[in-house]
Structure formats: C-alpha cells, structure tokens
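For reference, the structure is listed below as structure tokens.
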Amino acid sequence: MELVVREAVRTRLADALLHTLDLTGTFVFGMEGALAAVAGHLDFFGAMVLSFCTAVGGGIIRDLLIGAAPPESIRDWRYGTLALAGGCTSVFLYHSVRQLPPLLLLTLDAGGLSLFAVAGATKALKYNINPFIAVLMGTITGVGGGTVRDILLARVPTVLRADVYATAALLGAVVFVGAINLKLSPRLAAILGGTGCFVLRMVAAIRHWNLPGVASS
Amino acid sequence: MELVVREAVRTRLADALLHTLDLTGTFVFGMEGALAAVAGHLDFFGAMVLSFCTAVGGGIIRDLLIGAAPPESIRDWRYGTLALAGGCTSVFLYHSVRQLPPLLLLTLDAGGLSLFAVAGATKALKYNINPFIAVLMGTITGVGGGTVRDILLARVPTVLRADVYATAALLGAVVFVGAINLKLSPRLAAILGGTGCFVLRMVAAIRHWNLPGVASS
Amino acid sequence: MELVVREAVRTRLADALLHTLDLTGTFVFGMEGALAAVAGHLDFFGAMVLSFCTAVGGGIIRDLLIGAAPPESIRDWRYGTLALAGGCTSVFLYHSVRQLPPLLLLTLDAGGLSLFAVAGATKALKYNINPFIAVLMGTITGVGGGTVRDILLARVPTVLRADVYATAALLGAVVFVGAINLKLSPRLAAILGGTGCFVLRMVAAIRHWNLPGVASS
C-alpha cells in the first residue's frame, strides 16, 4: 500500500517536473523569438508573433500532422501566454537579457530543445504513428518553431544549413523511440533521449561543430 | 406573433448583409493579392495563387487551428471563385483598378479586415476556443492571408514590421470577445468590434501611424 | 465468372502500376529536393528536409485541407522513406545524378507531376470536395512540394513566375475532373488527365514556353 502511494507521489512529482520544464521551454523559446524580431527591426506586434511562432510553432505543426487538431497550444491558453510573456521579457528588458551569460541561454535553449524533441515523439507514438515518422515528429517539434520564425523573417532556416541543432533533436528522438521499442520504461527512455539531445547540442555549440555541407564542387 | 416575424426578418437581413460583406471582403482581398503579383512580376498562375491565398489564407489557417477541417473556403466553392474573380479583375482591368481612388480601396480593405477579424473570433468561440486564443484567431483571420502572400513573395510580412494593421484587427477581436464576455448581444458585440477595427485602421492609414519598432540600439 | 476474375486481375495490375508510379514519383521528387539543397549550400540535414518536403509536401497540404488528417505520408512510412532515399541518392551520387540525361529527369518529373495531379484530384473527390476545389487540390498536390521547398530556400516559388508547370498540373486535374463529371470510367479519366498534364509539360519544357507575365507596364 505504502509502496503504491510512494510510486504515485513520485509519478506526480515527475509529471510536475516535466510540465514545469515544458512551460520553461516555451518561455525561453518565446524570448528567443522576440530577440530575433528585435534584430530584424520588426515592430512590437511582429515581436509578439515571432515569440508565439517560435515557442509553439513546432508543436502546432506536429499536432496538425498527427491529426490532433485543435493543437494543444490552441486548446491550452497557458502556452500562448507564456510564449508572449517570454517575448515581452525580451522586448522590455532587452539590455538585461542581452547581458545574461551566453552559456545560460544556451543551456536553457538546449534544455527546451531536448524536452520538445522527446515530448513530440511521445505524443506521436500515443497517436499510433509509425516509429520512423514519430522520430520525424519529435524533430519537427524541436525545430519547427525556429523554422517558422526564419520563414517569417524571409531567410533560409538556420537549422537547414548550419549547426548541429536539428541533428541533436533527431538524436534525442531516435534514442527515445529506440528505447521505447526496446521496452524500456517511458521515463527511462525520456531521460536517455533528452540527455542525448542535450549533451550533443551543448558539446556541438561549445566546440562549434557543423554538419558537412553538401557542396556541389 | 408579428414581433417574432419582424425579428426573424431583421435577423435574416442582418445575416444577408453580413454574408454580402464577407463575400465582398473576399473579392477585395483577392484583388489585392493579384495587384501584389503584378508588382512582383509573377505570371498569370502566380497572380491567381496570390489572389486565392490572400483572400482565404487567413480563414484556412484559423479553421485548421481550431479543428474545423476541411476549412470553410474548401467546402464552399463561392469563396475561391470570388477570390479568383477579384484576382482576374486586377489582372485584366489593371489600369482601371489602379485609377480607383486610394481612399475607396483603403475603405474596402479596412472593411474586409474588420469583418474577417470579427468573423474569425466568432467562429473560434463557436468551437469552444478559450477567449484569449479566440482573439488570436480573429487577428489571424484578418492578417493571415496577407502574411501567406508575403511569404510566397519571399519578403518579411508587412504586418510584422509596419503600419497599424494587425493591431487594428487585434483591437477589433479584443473588443468583440470582451463584449461577448460582458454578455452583450453577439450583434452589438460584432458592431462594436468591427467599428473599433475599422476606425483605428482608417485613422492610422490616413495619419501614417506606425507601431514603435523594437530597436536594438 | 472468368470475366470477373480477369477484371479483378486487371484492376489489381492497374492498382499495382499506379502504386509503383506513385512511389517512383515520390523518389524522383525526393531526388530533386536534395539537388536544390546542394545548389543552395545546405547541410546534410537540410538536404533531407528538402527531399521530404518536396516529395510529400503537396500531398500533406492537400490532406490537411480536405480534412484527411493525419496525412497519408505520415501514416504510411514508405513515402517518407522513399523521399529520403531519393535525397540520399542525390547527395551521395551527386556527380552521377548530374550526368543523367536531362530528358530522363524531365520525363520522370513530368510523370510524377501528372500522377500527383490526378491522384490529388481523385482523393479530393473521394472526400466529397466540390469539383472546382478538387481541381485546385490536384494542382496543389502536384506543385505544393516544390512550393514548400522554395519557401524554405527563401525564394519566390518557381511555379508562381515561370514555366508551364503548374498550368500542366491544372490542365491534368481539369481534364480528369471533367471526365469524371461526364461519367467516364475513373481509369479512363485518369489516363486522359495524366496524359494531358504529361504532354503539356514535356512540350512546354522542350519548347521553353512560359505563361504571359502580368506586367505592370
């Protein structure tokens, strides 16, 4: 009996932690969207749009593709609110945000990416999507928002041509889906996948790794 | 008895008026799409695509996001037809269209924007979307088509960086949703929201108002 | 009895042929996406994204618009796999692919376009979409993937401004839907529509036909 109670408490704590991380990721991605808007000389409305799209765009694309309409961030007002709150933080506290240690921003961003990749793959599997496509859905959840942001800024999405960023999301999703298929517990699979994504992203960013280009010469 | 009949007649007239305005807005937005195509040196097919996307793109995005697939303009052929008719008008009567008084075009465009913003928020509320998100959906209905048009022209969407345009749609949706939440009649709420959007857009356009940029300096 | 069996065998052969063509088209469009990625100096991940989007993007947009979520290429892993296989072929065998006779690539591409246009219109009709919109859906299935590819490369989609490409897809869809409405058999309608698209595309490409621009002068 006591064991069951303890297990329930532990699960609830894990869920609460995951949820906190998810909302933190949304906030951080919202901040980044507004920073890109400032750099791109948009107006305040544009900054809010970029915050929203960067933070929840990936999840929206995933939900539309797996047939989970209306998307979670349209049903649950907290996602949009947090995305815009992140955006306002960047706009109104621009100079303070710019003075945050880059490593802190990088760590938060890598954390958000890891979480989005694993959460995206989880949701796809829950909707009975094939494992191969579930990996794609995890990756899209992680990098889709940034891609929409870059499209709105009329530039080639960064993830398509530089940095081990999408690759980290992909690795996280592959490890997670692989671990699930090997019958590991979802929690362990999530930890393995998230850690894989996080470590690869951090090491790649610090060491300035890039994928080989597919040059035509 | 007589009162009920009168009320029914009045409602039918109001519905007919709203529908006429909706289709007029679609036609005007279609015209604007093709004008942008001419300015961007596209071919005839490109002009038709831009007409269609500008006129019904916002409504399609809204319908996909609130889970109302297939979107209204895919189910009802009249929207697409009117969008393309507007586009053909711009292409084949280009010089006549260019000689229309700018104030007429501005008024029609502001009318379409107001109507789309209110209609978009109405539909979102009907699908049980949270009021905060319903406001976003109204705004997207108003400015989504122009955003898709600008993406197809490979430029940063105008609404993101200049003009009190999206802000007017946002104001209209906020007033409308607020009035609904204050238990005003839907018709009164629509009139208030639509008027708010229309007046702000007209005044801003005539006085060349802009939102403050979010400059990095 | 024998007749029924024969008919069944013939239908199965036709289905198998259609399916083979469909998967071939996906592979060819995947190859083309990666070729564009190489020309655009993307990295390997970007090449895979462009392969995927070019090959299945049109079908995904169609499926979302007609309310057939999750889209076929998300449900059936073979489409994504073939798209990426096409992309890998272009990346790893780049010099060999570049030395293929242009007429072969053109023929394969025109074949894929014809098939996608007819298949797209077929599916839209099956979902009770109005014939006028079904024609649009066929065209979108054919050219949507290339449009997404060009948006990701931050350039105005080629189909909007040059070449009789979208027009060929449109012709194929019009002929097909028209033939269906004239009560011709689906197979005959498909052959007529596909042939119309294929022939127009080949002749236009070889003779360098373009649609008239909608010039502002």
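Each chain in the structure tokens gets a letter, A, B, ..., in the order shown, and its residues are numbered from 1; ligands are numbered from 1 in order too.
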Query - Exercise answer, chain B residues close to chain A, 10 Å and only C-alpha atoms, as a PyMOL selection string - result: chain B and resi 63-69+127-134+136-137+147-148+150-167+170+210-217
Selected residues written out, N, CA and C atoms, as a short mmCIF file (atom, residue, chain, number, x, y, z; two decimals), in the first residue's frame:
data_model
loop_
_atom_site.label_atom_id
_atom_site.label_comp_id
_atom_site.auth_asym_id
_atom_site.auth_seq_id
_atom_site.Cartn_x
_atom_site.Cartn_y
_atom_site.Cartn_z
N ASP B 63 -9.22 27.86 -39.51
CA ASP B 63 -10.01 26.64 -39.46
C ASP B 63 -9.16 25.42 -39.13
N LEU B 64 -7.93 25.36 -39.68
CA LEU B 64 -7.06 24.23 -39.35
C LEU B 64 -6.70 24.27 -37.87
N LEU B 65 -6.45 25.46 -37.33
CA LEU B 65 -6.00 25.56 -35.94
C LEU B 65 -7.12 25.26 -34.94
N ILE B 66 -8.36 25.63 -35.27
CA ILE B 66 -9.44 25.37 -34.31
C ILE B 66 -10.08 24.00 -34.55
N GLY B 67 -9.52 23.23 -35.49
CA GLY B 67 -10.04 21.89 -35.71
C GLY B 67 -11.30 21.84 -36.54
N ALA B 68 -11.47 22.81 -37.46
CA ALA B 68 -12.66 22.83 -38.30
C ALA B 68 -12.31 22.43 -39.73
N ALA B 69 -11.61 21.29 -39.89
CA ALA B 69 -11.22 20.83 -41.23
C ALA B 69 -12.34 19.99 -41.82
N TYR B 127 -16.33 27.21 -31.60
CA TYR B 127 -15.64 25.93 -31.45
C TYR B 127 -15.05 25.78 -30.04
N ASN B 128 -15.57 26.57 -29.09
CA ASN B 128 -15.15 26.44 -27.69
C ASN B 128 -13.69 26.71 -27.44
N ILE B 129 -13.14 27.65 -28.22
CA ILE B 129 -11.76 28.03 -28.00
C ILE B 129 -11.75 29.10 -26.90
N ASN B 130 -10.73 29.02 -26.05
CA ASN B 130 -10.52 29.99 -24.98
C ASN B 130 -10.52 31.43 -25.52
N PRO B 131 -11.13 32.40 -24.78
CA PRO B 131 -11.23 33.78 -25.29
C PRO B 131 -9.89 34.39 -25.73
N PHE B 132 -8.83 34.15 -24.95
CA PHE B 132 -7.52 34.70 -25.29
C PHE B 132 -7.08 34.20 -26.67
N ILE B 133 -7.25 32.89 -26.89
CA ILE B 133 -6.86 32.31 -28.18
C ILE B 133 -7.84 32.75 -29.27
N ALA B 134 -9.12 32.94 -28.90
CA ALA B 134 -10.11 33.39 -29.89
C ALA B 134 -9.72 34.75 -30.45
N LEU B 136 -6.62 35.79 -30.77
CA LEU B 136 -5.55 35.49 -31.73
C LEU B 136 -6.13 34.98 -33.05
N MET B 137 -7.15 34.12 -32.95
CA MET B 137 -7.74 33.55 -34.17
C MET B 137 -8.40 34.63 -35.02
N THR B 147 -0.12 37.60 -44.87
CA THR B 147 1.14 37.02 -44.44
C THR B 147 1.58 35.91 -45.38
N VAL B 148 0.64 35.04 -45.75
CA VAL B 148 0.97 33.97 -46.70
C VAL B 148 1.41 34.58 -48.03
N ASP B 150 2.88 37.43 -48.57
CA ASP B 150 4.23 37.97 -48.46
C ASP B 150 5.27 36.86 -48.37
N ILE B 151 4.94 35.76 -47.70
CA ILE B 151 5.87 34.63 -47.64
C ILE B 151 6.12 34.10 -49.05
N LEU B 152 5.04 33.99 -49.85
CA LEU B 152 5.19 33.49 -51.22
C LEU B 152 6.00 34.46 -52.07
N LEU B 153 5.98 35.73 -51.71
CA LEU B 153 6.80 36.71 -52.43
C LEU B 153 8.18 36.83 -51.81
N ALA B 154 8.51 35.92 -50.86
CA ALA B 154 9.84 35.86 -50.24
C ALA B 154 10.22 37.18 -49.59
N ARG B 155 9.27 37.82 -48.91
CA ARG B 155 9.63 39.02 -48.17
C ARG B 155 9.02 38.97 -46.77
N VAL B 156 9.61 39.75 -45.87
CA VAL B 156 9.11 39.76 -44.49
C VAL B 156 7.69 40.33 -44.52
N PRO B 157 6.71 39.58 -43.96
CA PRO B 157 5.32 40.05 -43.99
C PRO B 157 5.20 41.49 -43.50
N THR B 158 4.51 42.32 -44.29
CA THR B 158 4.35 43.73 -43.95
C THR B 158 3.77 43.91 -42.56
N VAL B 159 2.80 43.07 -42.20
CA VAL B 159 2.14 43.26 -40.91
C VAL B 159 3.09 43.13 -39.74
N LEU B 160 4.25 42.47 -39.96
CA LEU B 160 5.16 42.26 -38.84
C LEU B 160 6.03 43.47 -38.57
N ARG B 161 6.07 44.41 -39.49
CA ARG B 161 7.05 45.45 -39.26
C ARG B 161 6.57 46.87 -39.51
N ALA B 162 5.36 47.03 -39.98
CA ALA B 162 4.95 48.39 -40.26
C ALA B 162 3.45 48.53 -40.13
N ASP B 163 3.00 49.73 -39.98
CA ASP B 163 1.58 50.02 -40.08
C ASP B 163 0.77 49.51 -38.88
N VAL B 164 -0.22 50.26 -38.53
CA VAL B 164 -1.20 49.78 -37.55
C VAL B 164 -2.24 48.99 -38.33
N TYR B 165 -1.90 47.76 -38.69
CA TYR B 165 -2.82 46.94 -39.48
C TYR B 165 -3.26 45.75 -38.63
N ALA B 166 -2.25 44.93 -38.25
CA ALA B 166 -2.57 43.80 -37.37
C ALA B 166 -3.14 44.31 -36.05
N THR B 167 -2.62 45.45 -35.59
CA THR B 167 -3.10 46.00 -34.33
C THR B 167 -4.59 46.33 -34.41
N LEU B 170 -6.42 43.13 -34.17
CA LEU B 170 -6.36 42.68 -32.78
C LEU B 170 -7.35 43.46 -31.92
N ASN B 210 2.48 54.42 -37.07
CA ASN B 210 3.20 53.16 -37.02
C ASN B 210 3.37 52.74 -35.57
N LEU B 211 3.44 51.45 -35.36
CA LEU B 211 3.80 50.97 -34.01
C LEU B 211 5.27 51.30 -33.78
N PRO B 212 5.65 51.53 -32.51
CA PRO B 212 7.08 51.71 -32.25
C PRO B 212 7.84 50.44 -32.62
N GLY B 213 8.96 50.60 -33.30
CA GLY B 213 9.81 49.46 -33.59
C GLY B 213 10.45 48.96 -32.30
N VAL B 214 10.94 47.74 -32.31
CA VAL B 214 11.64 47.25 -31.12
C VAL B 214 13.13 47.27 -31.44
N ALA B 215 13.67 48.50 -31.50
CA ALA B 215 15.04 48.70 -31.96
C ALA B 215 16.04 48.17 -30.96
N SER B 216 17.19 47.75 -31.46
CA SER B 216 18.19 47.15 -30.59
C SER B 216 19.18 48.19 -30.08
N SER B 217 19.06 49.42 -30.56
CA SER B 217 20.05 50.42 -30.16
C SER B 217 19.73 50.98 -28.78
#
Query raised in the report: Quick one: residues within 10 Å of Thr24 (chain A), only C-alpha atoms counted, chain neighbours fewer than 6 positions away excluded, as a ChimeraX atom specification?
Result: /A:18,30,79,82-83,86,108-109,111-112
Report task. Enumerate the residues of region 160-197 of chain C with a DSSP assignment of alpha helix (DSSP H), computed from the backbone, and present them as an MDAnalysis selection string. Result -> chainID C and resid 166:181 186:197
**Report entry** Nearby residues (only C-alpha atoms) at most 8 Å from Gly194 (chain A), same-chain spacing under 2 positions excluded, as a PyMOL selection string
**Finding:** chain A and resi 114-115+117-118+172+176+190-192+196-198
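Here CA of Leu106 (chain B) is placed at a distance of 8.2 Å from CA of Ala205 (chain B).
Rounded to one decimal, CA of Ile140 (chain A) and CA of Gly145 (chain C) lie 17.0 Å from each other.
Atom pair CA of Lys123 (chain B) / CA of Pro186 (chain B) has a distance of 11.9 Å (rounded to one decimal).
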